[in-house]
Amino acid sequence: MKKSTFSSPSIESETIEKLSAQLIQTTQALYLANEQLKREQQQKGQMLANISHDLRAPITAIRGCIDYLNSGHVLSEEDLKSSLQLIDRRTRTLECLIQDMYFLFSVEDMSRDFEFTTVEAAPFLEEYFYDNLFDSRYDDREMQLELSPDLNCRISVDIQKFIRVLDNLFTNAAKYSEPGASIALSAQTVPSHDKDTVLLIEVSDTGIGIPQEALAHIFDRTYTVSSARTPASATGSGLGLSIVNTIVQRHGGNITCKSKEGAGSTFSITLPIIST
Ligand code: ADP
């Protein structure tokens, strides 16, 4: 005898309801992923536009100088010297930009592993501070180290890359401040939003500060507030803080900045703690 298959209509409609809910969820997730992809695509396009723009400026200056040197004008020794100095400066800007671009792409490449090592936070930061205390970049700056006395936690860092983070923040603190300004490195443990304890590392300066309207963009790729604010001797690619942000995020951390024009800036990094 032939067996009849039977399923109750209520079970069927329950299954259909579940499936359609799942389908709606998947469609929403796909939509969000698609939007994210579009945003990333736009950011990449914007970054390429910024980089092309930043590459063009020094190249135009070098080209102008070479044309001048080739023009058959009788050149004084002074002219020759200043033309060569300009070519030297602009070539250094290009080298700096290309190096930073390469570094940014390599830290953003998720397939490349970071080499994490567990370190004691306090000695790690102390060593960094004292290694740099007498660097000529910080001549005429008052350097301060403020580690909380009970700081005895351990963190997981890619040492070279995290040193790059501190270097960038310290160099900016010196670059965007006048002689006599203070630069401080501080660290303490604090509760995070989800109640876990995290390590808070801050690099503060009493420099020129950042305009409020620029604060939202300083971590963007190749963002420079204004070339008028950068001392003539300083060469920067505008990629520094973007590199810093990417490295901190790949450590599972977060970076923010508070600043007031004319009063100074504080960059705050939170990092997960491995153990106390
Ligand atoms: P740059 O190569 O231009 O220094 P960064 O990505 O390091 O690029 O910084 C982006 C911009 O943020 C800088 O052009 C500068 O205007 C601003 N900025 C960064 N750090 C500081 C600071 N400590 N004080 C004032 N402005 C800063």
# chains A, B, ... in the order shown; residues from 1 in each chain; ligands from 1
>>> residues_around(residues="Arg164 in chain A", least_positions_apart="6", cutoff="10 Å", atoms="only C-alpha atoms", output="MDAnalysis selection string")
chainID A and resid 158 170 240 243:244 247
>>> write_last_selection(atoms="N, CA, C and O atoms", output="mmCIF file, in the first residue's frame")
data_model
loop_
_atom_site.group_PDB
_atom_site.id
_atom_site.type_symbol
_atom_site.label_atom_id
_atom_site.label_comp_id
_atom_site.auth_asym_id
_atom_site.auth_seq_id
_atom_site.Cartn_x
_atom_site.Cartn_y
_atom_site.Cartn_z
ATOM 1 N N ASP A 158 52.819 44.575 18.724
ATOM 2 C CA ASP A 158 53.884 44.405 17.736
ATOM 3 C C ASP A 158 54.836 45.552 18.050
ATOM 4 O O ASP A 158 54.526 46.728 17.794
ATOM 5 N N PHE A 170 54.628 61.608 19.026
ATOM 6 C CA PHE A 170 55.647 62.487 19.611
ATOM 7 C C PHE A 170 56.168 63.482 18.579
ATOM 8 O O PHE A 170 56.349 64.661 18.875
ATOM 9 N N GLY A 240 50.496 60.053 8.417
ATOM 10 C CA GLY A 240 50.948 59.614 9.739
ATOM 11 C C GLY A 240 49.827 59.131 10.652
ATOM 12 O O GLY A 240 49.878 58.010 11.160
ATOM 13 N N ILE A 243 48.112 55.955 9.555
ATOM 14 C CA ILE A 243 48.921 54.778 9.882
ATOM 15 C C ILE A 243 48.748 54.439 11.366
ATOM 16 O O ILE A 243 48.514 53.297 11.740
ATOM 17 N N VAL A 244 48.822 55.482 12.211
ATOM 18 C CA VAL A 244 48.659 55.299 13.665
ATOM 19 C C VAL A 244 47.314 54.618 13.961
ATOM 20 O O VAL A 244 47.240 53.620 14.689
ATOM 21 N N ILE A 247 47.266 50.930 12.883
ATOM 22 C CA ILE A 247 48.061 50.063 13.769
ATOM 23 C C ILE A 247 47.327 49.838 15.096
ATOM 24 O O ILE A 247 47.223 48.718 15.586
#
>>> residues_around(residues="range 104-118 of chain A", least_positions_apart="3", cutoff="6 Å", atoms="only C-alpha atoms", output="list of chain:residue names")
A:Asp100, A:Met101, A:Ile155, A:Ser156, A:Val157, A:Asp158, A:Ile243
>>> residues_around(residues="range 256-258 of chain A", least_positions_apart="4", cutoff="8 Å", atoms="only C-alpha atoms", output="JSON, numbers by chain")
{"A": [215, 265, 266, 267, 268, 269]}
>>> closest_residue(among="A:Ala184, A:Leu166, A:Val119, A:Leu84", to="Gly264 in chain A", atoms="only C-alpha atoms")
A:Ala184
>>> select_by_dssp(residues="range 14-216 of chain A", states="alpha helix (DSSP H)", output="PyMOL selection string")
chain A and resi 14-70+77-108+121-132+159-175+212-215
>>> residues_around(residues="Val248 in chain A", least_positions_apart="5", cutoff="10 Å", atoms="only C-alpha atoms", output="list in words")
Val157, Lys161, Phe162, Val165, Ser242, Ile243, Gly253, Asn254, Ile255, Ile269, Thr270 and Leu271 of chain A
>>> atom_distance(atom1="CA of Ile62 in chain A", atom2="CA of Leu86 in chain A")
7.5 Å
>>> atom_distance(atom1="CA of Leu32 in chain A", atom2="CA of Thr246 in chain A")
22.0 Å
